[in-house]
file structure03.cif (mmCIF, C-alpha atoms)
data_work
#
loop_
_atom_site.label_atom_id
_atom_site.label_comp_id
_atom_site.auth_asym_id
_atom_site.auth_seq_id
_atom_site.Cartn_x
_atom_site.Cartn_y
_atom_site.Cartn_z
CA MET X 1364 0.00 0.00 0.00
CA THR X 1365 1.37 3.45 -0.95
CA ALA X 1366 1.78 6.40 1.40
CA SER X 1367 -1.15 8.17 -0.26
CA GLN X 1368 -3.36 5.09 0.24
CA PHE X 1369 -2.45 4.97 3.94
CA GLU X 1370 -3.20 8.68 4.12
CA GLU X 1371 -6.67 8.13 2.66
CA LEU X 1372 -7.36 5.11 4.86
CA ALA X 1373 -6.23 6.91 8.04
CA TYR X 1374 -8.43 9.90 7.16
CA LEU X 1375 -11.44 7.65 6.58
CA TYR X 1376 -10.88 5.70 9.79
CA GLU X 1377 -10.72 8.90 11.81
CA HIS X 1378 -13.81 10.43 10.21
CA SER X 1379 -15.83 7.21 10.33
CA PHE X 1380 -16.84 8.24 13.87
CA GLU X 1381 -18.67 11.21 12.35
CA VAL X 1382 -20.17 9.33 9.38
CA TRP X 1383 -21.07 5.99 11.01
CA PRO X 1384 -23.15 6.61 14.17
CA TYR X 1385 -22.51 3.05 15.41
CA ARG X 1386 -18.82 3.78 15.88
CA ARG X 1387 -19.56 6.62 18.28
CA ASP X 1388 -22.85 5.52 19.84
CA VAL X 1389 -22.19 1.78 20.19
CA GLU X 1390 -18.55 0.84 19.66
CA GLN X 1391 -16.90 3.78 21.40
CA HIS X 1392 -19.51 3.83 24.15
CA SER X 1393 -18.95 0.10 24.78
CA VAL X 1394 -15.17 0.48 24.85
CA LEU X 1395 -15.31 3.30 27.38
CA ALA X 1396 -17.71 1.27 29.55
CA ALA X 1397 -15.34 -1.70 29.51
CA LEU X 1398 -12.30 0.47 30.27
CA GLY X 1399 -13.88 2.22 33.22
CA GLU X 1400 -12.03 5.16 34.77
CA VAL X 1401 -8.68 5.66 33.01
CA ALA X 1402 -7.58 9.02 34.47
CA GLY X 1403 -4.04 8.72 35.74
CA LEU X 1404 -3.48 5.27 34.19
CA ALA X 1405 -0.63 4.48 31.83
CA ALA X 1406 -2.31 3.31 28.61
CA LEU X 1407 -1.15 1.61 25.43
CA ASP X 1408 -3.22 1.57 22.23
CA LEU X 1409 -1.99 -1.49 20.32
CA GLY X 1410 -2.55 -1.28 16.57
CA CYS X 1411 -3.64 2.33 16.96
CA GLY X 1412 -4.22 3.09 13.26
CA ALA X 1413 -5.11 6.76 12.83
CA GLY X 1414 -4.87 7.28 16.60
CA SER X 1415 -8.52 8.09 17.33
CA TYR X 1416 -8.75 5.83 20.37
CA THR X 1417 -5.25 6.77 21.54
CA ARG X 1418 -6.28 10.40 21.64
CA LEU X 1419 -9.59 9.48 23.30
CA LEU X 1420 -7.69 7.77 26.13
CA ALA X 1421 -5.58 10.90 26.58
CA GLU X 1422 -8.68 13.11 26.52
CA HIS X 1423 -10.11 10.99 29.36
CA GLY X 1424 -7.04 11.64 31.48
CA ALA X 1425 -4.82 8.60 30.91
CA ARG X 1426 -1.11 9.44 31.26
CA PRO X 1427 1.14 8.53 29.60
CA VAL X 1428 -0.70 7.33 26.50
CA VAL X 1429 1.19 5.63 23.69
CA GLY X 1430 -0.23 4.43 20.37
CA VAL X 1431 1.73 1.92 18.28
CA ASP X 1432 1.09 0.62 14.78
CA SER X 1433 3.17 -1.25 12.21
CA ALA X 1434 2.04 0.96 9.32
CA ALA X 1435 4.27 4.01 8.91
CA GLY X 1436 1.50 5.87 7.09
CA MET X 1437 -0.90 5.42 9.99
CA VAL X 1438 1.67 6.56 12.55
CA ASP X 1439 2.63 9.59 10.45
CA TYR X 1440 -1.02 10.58 10.16
CA ALA X 1441 -1.61 10.12 13.91
CA ARG X 1442 1.45 12.22 14.75
CA ARG X 1443 0.33 14.99 12.41
CA ARG X 1444 -3.16 15.07 13.93
CA GLU X 1445 -1.63 15.19 17.41
CA ALA X 1446 0.58 18.13 16.36
CA GLU X 1447 -2.47 19.97 15.01
CA ASP X 1448 -4.65 19.26 18.05
CA PRO X 1449 -2.59 18.08 21.05
CA SER X 1450 -4.19 15.57 23.42
CA GLY X 1451 -1.08 14.34 25.25
CA ALA X 1452 -0.70 11.11 23.27
CA THR X 1453 2.51 9.93 21.61
CA PHE X 1454 2.90 7.51 18.72
CA ALA X 1455 5.51 4.99 17.61
CA ARG X 1456 5.90 2.49 14.80
CA ARG X 1457 6.01 -1.06 16.12
CA ASP X 1458 4.63 -4.46 15.16
CA ALA X 1459 1.80 -5.66 17.41
CA SER X 1460 3.30 -9.15 17.60
CA GLU X 1461 6.57 -7.95 19.17
CA PRO X 1462 6.77 -8.00 23.00
CA ILE X 1463 6.65 -4.64 24.79
CA SER X 1464 8.25 -4.05 28.18
CA GLY X 1465 5.51 -3.97 30.82
CA ARG X 1466 4.83 -0.48 32.12
CA PHE X 1467 1.15 0.02 31.31
CA ASP X 1468 -1.93 -0.23 33.50
CA VAL X 1469 -4.26 -0.88 30.57
CA VAL X 1470 -3.84 -2.01 26.97
CA LEU X 1471 -6.46 -1.30 24.31
CA ALA X 1472 -6.63 -2.95 20.88
CA VAL X 1473 -9.57 -2.05 18.64
CA HIS X 1474 -9.97 -4.20 15.49
CA LEU X 1475 -6.48 -5.69 15.85
CA LEU X 1476 -6.88 -9.41 16.59
CA PRO X 1477 -8.93 -10.15 13.45
CA TYR X 1478 -5.93 -9.12 11.35
CA ALA X 1479 -3.93 -12.07 12.61
CA GLU X 1480 -3.68 -14.52 9.71
CA THR X 1481 -2.55 -17.49 11.81
CA VAL X 1482 -3.17 -18.80 15.32
CA GLU X 1483 0.50 -18.18 16.06
CA THR X 1484 0.20 -14.50 15.16
CA LEU X 1485 -3.06 -14.23 17.11
CA THR X 1486 -1.35 -15.61 20.21
CA ALA X 1487 1.68 -13.36 19.64
CA MET X 1488 -0.56 -10.29 19.56
CA CYS X 1489 -2.19 -11.37 22.82
CA ALA X 1490 1.25 -12.02 24.32
CA THR X 1491 2.33 -8.48 23.34
CA ALA X 1492 -0.66 -7.08 25.22
CA ARG X 1493 0.19 -9.21 28.26
CA SER X 1494 3.88 -8.25 28.18
CA ALA X 1495 2.96 -4.56 28.09
CA LEU X 1496 0.95 -4.73 31.32
CA SER X 1497 2.80 -3.84 34.48
CA GLY X 1498 1.49 -6.66 36.65
CA PRO X 1499 -1.33 -8.88 37.91
CA GLY X 1500 -4.83 -7.44 37.86
CA LYS X 1501 -4.11 -5.11 34.94
CA MET X 1502 -6.47 -5.29 31.98
CA PHE X 1503 -6.46 -5.78 28.23
CA VAL X 1504 -9.54 -4.47 26.39
CA THR X 1505 -10.04 -5.45 22.76
CA VAL X 1506 -12.72 -5.16 20.09
CA THR X 1507 -12.92 -8.22 17.87
CA ILE X 1508 -15.23 -9.66 15.22
CA ASN X 1509 -18.23 -11.30 16.84
CA PRO X 1510 -17.99 -15.03 16.00
CA GLY X 1511 -21.79 -14.94 15.64
CA PHE X 1512 -22.00 -11.94 13.29
CA ALA X 1513 -24.72 -11.89 10.64
CA THR X 1514 -23.60 -13.62 7.44
CA GLU X 1515 -26.75 -12.65 5.52
CA PRO X 1516 -25.73 -10.47 2.53
CA GLY X 1517 -26.34 -6.78 3.15
CA TYR X 1518 -27.32 -7.17 6.80
CA TYR X 1519 -25.16 -4.23 7.95
CA THR X 1520 -25.59 -2.02 4.88
CA ARG X 1521 -27.96 0.39 6.67
CA TYR X 1522 -25.15 1.08 9.15
CA GLY X 1523 -22.72 2.13 6.43
CA PHE X 1524 -20.69 -1.00 5.73
CA ASP X 1525 -20.76 -4.56 4.43
CA LEU X 1526 -19.24 -7.50 6.28
CA ILE X 1527 -18.95 -10.23 3.67
CA ALA X 1528 -18.36 -13.84 4.73
CA PRO X 1529 -17.05 -16.42 2.23
CA SER X 1530 -19.75 -18.86 3.44
CA ALA X 1531 -22.40 -19.25 6.14
CA GLU X 1532 -20.22 -21.82 7.94
CA LEU X 1533 -16.99 -20.11 8.94
CA ARG X 1534 -13.78 -21.77 10.09
CA ASP X 1535 -10.83 -20.31 11.98
CA GLY X 1536 -8.70 -18.13 9.74
CA ASP X 1537 -11.34 -17.61 7.04
CA PRO X 1538 -11.12 -14.17 5.39
CA VAL X 1539 -14.00 -11.77 5.99
CA ARG X 1540 -14.27 -8.73 3.72
CA LEU X 1541 -15.13 -5.37 5.29
CA ARG X 1542 -16.15 -2.78 2.76
CA SER X 1543 -17.50 0.78 2.97
CA GLU X 1544 -17.59 3.87 0.78
CA PHE X 1545 -17.98 7.38 2.18
CA LEU X 1546 -16.50 10.87 1.92
CA GLY X 1547 -15.39 10.06 -1.61
CA GLY X 1548 -13.13 7.19 -0.52
CA SER X 1549 -13.41 3.52 0.31
CA ILE X 1550 -12.36 1.10 3.02
CA ASP X 1551 -11.89 -2.42 1.66
CA VAL X 1552 -9.94 -4.65 4.02
CA THR X 1553 -9.77 -8.35 4.88
CA PRO X 1554 -9.79 -9.32 8.56
CA HIS X 1555 -10.07 -12.97 9.58
CA PHE X 1556 -12.63 -15.01 11.46
CA TRP X 1557 -11.57 -16.55 14.77
CA SER X 1558 -13.91 -18.59 16.93
CA ARG X 1559 -14.58 -17.67 20.52
CA ALA X 1560 -12.75 -20.78 21.74
CA THR X 1561 -9.66 -19.99 19.64
CA GLN X 1562 -9.49 -16.38 20.81
CA GLU X 1563 -9.92 -17.39 24.44
CA LYS X 1564 -7.21 -20.03 24.10
CA ALA X 1565 -4.83 -17.48 22.56
CA LEU X 1566 -5.45 -15.06 25.43
CA LEU X 1567 -5.00 -17.74 28.10
CA ASN X 1568 -1.87 -19.11 26.42
CA ALA X 1569 -0.51 -15.55 26.38
CA GLY X 1570 -0.74 -15.47 30.18
CA PHE X 1571 -4.10 -13.89 30.93
CA ARG X 1572 -6.09 -15.42 33.78
CA GLU X 1573 -9.66 -14.44 33.01
CA VAL X 1574 -11.46 -13.63 29.75
CA THR X 1575 -14.88 -11.95 29.56
CA TRP X 1576 -17.04 -11.25 26.49
CA TRP X 1577 -19.31 -8.21 26.58
CA ALA X 1578 -22.35 -7.47 24.47
CA PRO X 1579 -22.28 -3.98 22.94
CA GLN X 1580 -23.93 -1.16 24.84
CA CYS X 1581 -25.87 1.65 23.18
CA SER X 1582 -25.35 5.21 24.34
CA PRO X 1583 -28.40 6.56 26.21
CA THR X 1584 -28.45 9.50 23.80
CA ALA X 1585 -28.55 7.28 20.69
CA ASP X 1586 -31.49 6.16 18.57
CA VAL X 1587 -31.96 2.66 20.00
CA ASP X 1588 -34.56 1.72 17.38
CA HIS X 1589 -32.08 2.51 14.61
CA PHE X 1590 -29.55 0.12 16.13
CA GLY X 1591 -32.03 -2.72 16.68
CA ASP X 1592 -30.69 -5.08 13.98
CA TYR X 1593 -27.10 -4.13 14.81
CA LEU X 1594 -27.54 -5.03 18.48
CA ARG X 1595 -29.37 -8.29 17.68
CA LYS X 1596 -26.38 -9.54 15.69
CA PRO X 1597 -23.49 -7.20 16.46
CA PRO X 1598 -20.54 -7.38 14.05
CA THR X 1599 -18.07 -6.89 16.88
CA LEU X 1600 -17.82 -7.58 20.60
CA VAL X 1601 -15.70 -6.16 23.40
CA VAL X 1602 -13.47 -8.66 25.19
CA THR X 1603 -11.59 -8.00 28.42
CA ALA X 1604 -8.70 -10.12 29.64
CA THR X 1605 -7.21 -9.76 33.12
CA ALA X 1606 -3.52 -10.38 33.80
#
call {"tool": "encode", "arguments": {"input": "structure03.cif", "output": "structure tokens"}}
result
Amino acid sequence: MTASQFEELAYLYEHSFEVWPYRRDVEQHSVLAALGEVAGLAALDLGCGAGSYTRLLAEHGARPVVGVDSAAGMVDYARRREAEDPSGATFARRDASEPISGRFDVVLAVHLLPYAETVETLTAMCATARSALSGPGKMFVTVTINPGFATEPGYYTRYGFDLIAPSAELRDGDPVRLRSEFLGGSIDVTPHFWSRATQEKALLNAGFREVTWWAPQCSPTADVDHFGDYLRKPPTLVVTATA
């Protein structure tokens, strides 16, 4: 992918919170609920992309806040946005499967685990999150594809995107196409399906003690009726893992 393509993708990811109400009213609301109070906590955003969640952590008082991503274009974009509108976050280029010295109270990874193409990489990503935590009782919060997402064609179209499964019966590692067009650009990426059992095993093998799956929560200010189908078969779920 070229620098200009990363630039476009980072821009679209950041502005998707404005265009897709579910990102703000369901996904972001659910993540903040799972995180709880973060003021004063050292936070790492693993696979930070354009840095939207990294900056959100900083805006909620986490300190220090570091976002890391393997894509130079994403990190460059995040740094530029931070320079334009400082939140207190810093960004670095780093692969999410490489261990990080533990100094964080909380690790967040939104839409990272589904981009593991093998069980080994999935476990390595979980191990990175565990290595980054400063000790027992600290928490990893991640947003992952719901193993029970709707495979019916066009189910999520009204929410601004398509999640296209290769078949109704999915197996670990199967590619799932995520596609959306807005603001004159397009997001067309290929995450992977991982069963609940496989994701839990990867987290436990990485050293976490307890894994909890959370149904998405809708913001009290949101149009609950609009999100009815989304909440019945959510495309993603929040998972917390305790060290």
call {"tool": "resolve_selection", "arguments": {"input": "structure03.cif", "expression": "the PyMOL selection byres ((chain X and resi 1465) around 8)", "output": "list in words"}}
result
Ile1463, Ser1464, Arg1466, Phe1467, Arg1493, Ser1494, Ala1495, Leu1496, Ser1497 and Gly1498 of chain X
call {"tool": "write_last_selection", "arguments": {"input": "structure03.cif", "atoms": "C-alpha atoms", "output": "PDB file, in the frame of the given file"}}
result
ATOM      1  CA  ILE X1463       6.650  -4.640  24.790  1.00  0.00           C
ATOM      2  CA  SER X1464       8.250  -4.050  28.180  1.00  0.00           C
ATOM      3  CA  ARG X1466       4.830  -0.480  32.120  1.00  0.00           C
ATOM      4  CA  PHE X1467       1.150   0.020  31.310  1.00  0.00           C
ATOM      5  CA  ARG X1493       0.190  -9.210  28.260  1.00  0.00           C
ATOM      6  CA  SER X1494       3.880  -8.250  28.180  1.00  0.00           C
ATOM      7  CA  ALA X1495       2.960  -4.560  28.090  1.00  0.00           C
ATOM      8  CA  LEU X1496       0.950  -4.730  31.320  1.00  0.00           C
ATOM      9  CA  SER X1497       2.800  -3.840  34.480  1.00  0.00           C
ATOM     10  CA  GLY X1498       1.490  -6.660  36.650  1.00  0.00           C
TER      11      GLY X1498
END
call {"tool": "residues_around", "arguments": {"input": "structure03.cif", "residues": "Val1504 in chain X", "least_positions_apart": "4", "cutoff": "12 Å", "atoms": "all atoms listed in the file", "output": "mmCIF file with C-alpha atoms, in the coordinates of the input"}}
result
data_model
loop_
_atom_site.group_PDB
_atom_site.id
_atom_site.type_symbol
_atom_site.label_atom_id
_atom_site.label_comp_id
_atom_site.auth_asym_id
_atom_site.auth_seq_id
_atom_site.Cartn_x
_atom_site.Cartn_y
_atom_site.Cartn_z
ATOM 1 C CA SER X 1393 -18.950 0.100 24.780
ATOM 2 C CA VAL X 1394 -15.170 0.480 24.850
ATOM 3 C CA LEU X 1395 -15.310 3.300 27.380
ATOM 4 C CA ALA X 1396 -17.710 1.270 29.550
ATOM 5 C CA ALA X 1397 -15.340 -1.700 29.510
ATOM 6 C CA LEU X 1398 -12.300 0.470 30.270
ATOM 7 C CA GLY X 1399 -13.880 2.220 33.220
ATOM 8 C CA ALA X 1406 -2.310 3.310 28.610
ATOM 9 C CA LEU X 1407 -1.150 1.610 25.430
ATOM 10 C CA ASP X 1408 -3.220 1.570 22.230
ATOM 11 C CA LEU X 1409 -1.990 -1.490 20.320
ATOM 12 C CA TYR X 1416 -8.750 5.830 20.370
ATOM 13 C CA ASP X 1468 -1.930 -0.230 33.500
ATOM 14 C CA VAL X 1469 -4.260 -0.880 30.570
ATOM 15 C CA VAL X 1470 -3.840 -2.010 26.970
ATOM 16 C CA LEU X 1471 -6.460 -1.300 24.310
ATOM 17 C CA ALA X 1472 -6.630 -2.950 20.880
ATOM 18 C CA VAL X 1473 -9.570 -2.050 18.640
ATOM 19 C CA HIS X 1474 -9.970 -4.200 15.490
ATOM 20 C CA LEU X 1475 -6.480 -5.690 15.850
ATOM 21 C CA LEU X 1476 -6.880 -9.410 16.590
ATOM 22 C CA CYS X 1489 -2.190 -11.370 22.820
ATOM 23 C CA ALA X 1492 -0.660 -7.080 25.220
ATOM 24 C CA ARG X 1493 0.190 -9.210 28.260
ATOM 25 C CA LEU X 1496 0.950 -4.730 31.320
ATOM 26 C CA LEU X 1566 -5.450 -15.060 25.430
ATOM 27 C CA PHE X 1571 -4.100 -13.890 30.930
ATOM 28 C CA GLU X 1573 -9.660 -14.440 33.010
ATOM 29 C CA VAL X 1574 -11.460 -13.630 29.750
ATOM 30 C CA THR X 1575 -14.880 -11.950 29.560
ATOM 31 C CA TRP X 1576 -17.040 -11.250 26.490
ATOM 32 C CA TRP X 1577 -19.310 -8.210 26.580
ATOM 33 C CA LEU X 1600 -17.820 -7.580 20.600
ATOM 34 C CA VAL X 1601 -15.700 -6.160 23.400
ATOM 35 C CA VAL X 1602 -13.470 -8.660 25.190
ATOM 36 C CA THR X 1603 -11.590 -8.000 28.420
ATOM 37 C CA ALA X 1604 -8.700 -10.120 29.640
ATOM 38 C CA THR X 1605 -7.210 -9.760 33.120
ATOM 39 C CA ALA X 1606 -3.520 -10.380 33.800
#
call {"tool": "atom_distance", "arguments": {"input": "structure03.cif", "atom1": "CA of Arg1572 in chain X", "atom2": "CA of Thr1486 in chain X"}}
result
14.4 Å
call {"tool": "residues_around", "arguments": {"input": "structure03.cif", "residues": "Glu1422 in chain X", "least_positions_apart": "3", "cutoff": "12 Å", "atoms": "all atoms listed in the file", "output": "PyMOL selection string"}}
result
chain X and resi 1395+1400-1403+1406+1415-1419+1425-1428+1445+1448-1452
call {"tool": "resolve_selection", "arguments": {"input": "structure03.cif", "expression": "the PyMOL selection byres ((chain X and resi 1530-1532) around 8)", "output": "list in words"}}
result
Thr1514, Glu1515, Ala1528, Pro1529, Leu1533 and Arg1534 of chain X
call {"tool": "residues_around", "arguments": {"input": "structure03.cif", "residues": "range 1509-1512 of chain X", "least_positions_apart": "2", "cutoff": "6 Å", "atoms": "all atoms listed in the file", "output": "list in words"}}
result
Ser1558, Lys1596, Pro1597, Pro1598, Thr1599 and Leu1600 of chain X
call {"tool": "closest_residue", "arguments": {"input": "structure03.cif", "among": "X:Thr1481, X:Thr1491, X:Thr1561, X:Ser1543", "to": "Asp1458 in chain X", "atoms": "all atoms listed in the file"}}
result
X:Thr1491
call {"tool": "resolve_selection", "arguments": {"input": "structure03.cif", "expression": "the PyMOL selection byres ((chain X and resi 1438) around 8)", "output": "list in words"}}
result
Gly1412, Ala1413, Gly1414, Val1431, Asp1432, Ser1433, Ala1434, Ala1435, Gly1436, Met1437, Asp1439, Tyr1440, Ala1441, Arg1442, Phe1454, Ala1455 and Arg1456 of chain X
call {"tool": "closest_residue", "arguments": {"input": "structure03.cif", "among": "X:Pro1384, X:Ala1569, X:Lys1564, X:Tyr1518", "to": "Arg1595 in chain X", "atoms": "all atoms listed in the file"}}
result
X:Tyr1518
call {"tool": "atom_distance", "arguments": {"input": "structure03.cif", "atom1": "CA of Pro1583 in chain X", "atom2": "CA of Glu1544 in chain X"}}
result
27.8 Å
call {"tool": "closest_residue", "arguments": {"input": "structure03.cif", "among": "X:Ala1578, X:Leu1485, X:Asp1537, X:Phe1524", "to": "Glu1563 in chain X", "atoms": "all atoms listed in the file"}}
result
X:Leu1485
call {"tool": "atom_distance", "arguments": {"input": "structure03.cif", "atom1": "CA of Leu1541 in chain X", "atom2": "CA of Ile1527 in chain X"}}
result
6.4 Å
call {"tool": "closest_residue", "arguments": {"input": "structure03.cif", "among": "X:Tyr1376, X:Ser1460, X:Lys1501, X:His1392", "to": "Ala1405 in chain X", "atoms": "all atoms listed in the file"}}
result
X:Lys1501
call {"tool": "closest_residue", "arguments": {"input": "structure03.cif", "among": "X:Val1506, X:Cys1581, X:Val1552, X:Ala1560", "to": "Leu1372 in chain X", "atoms": "all atoms listed in the file"}}
result
X:Val1552
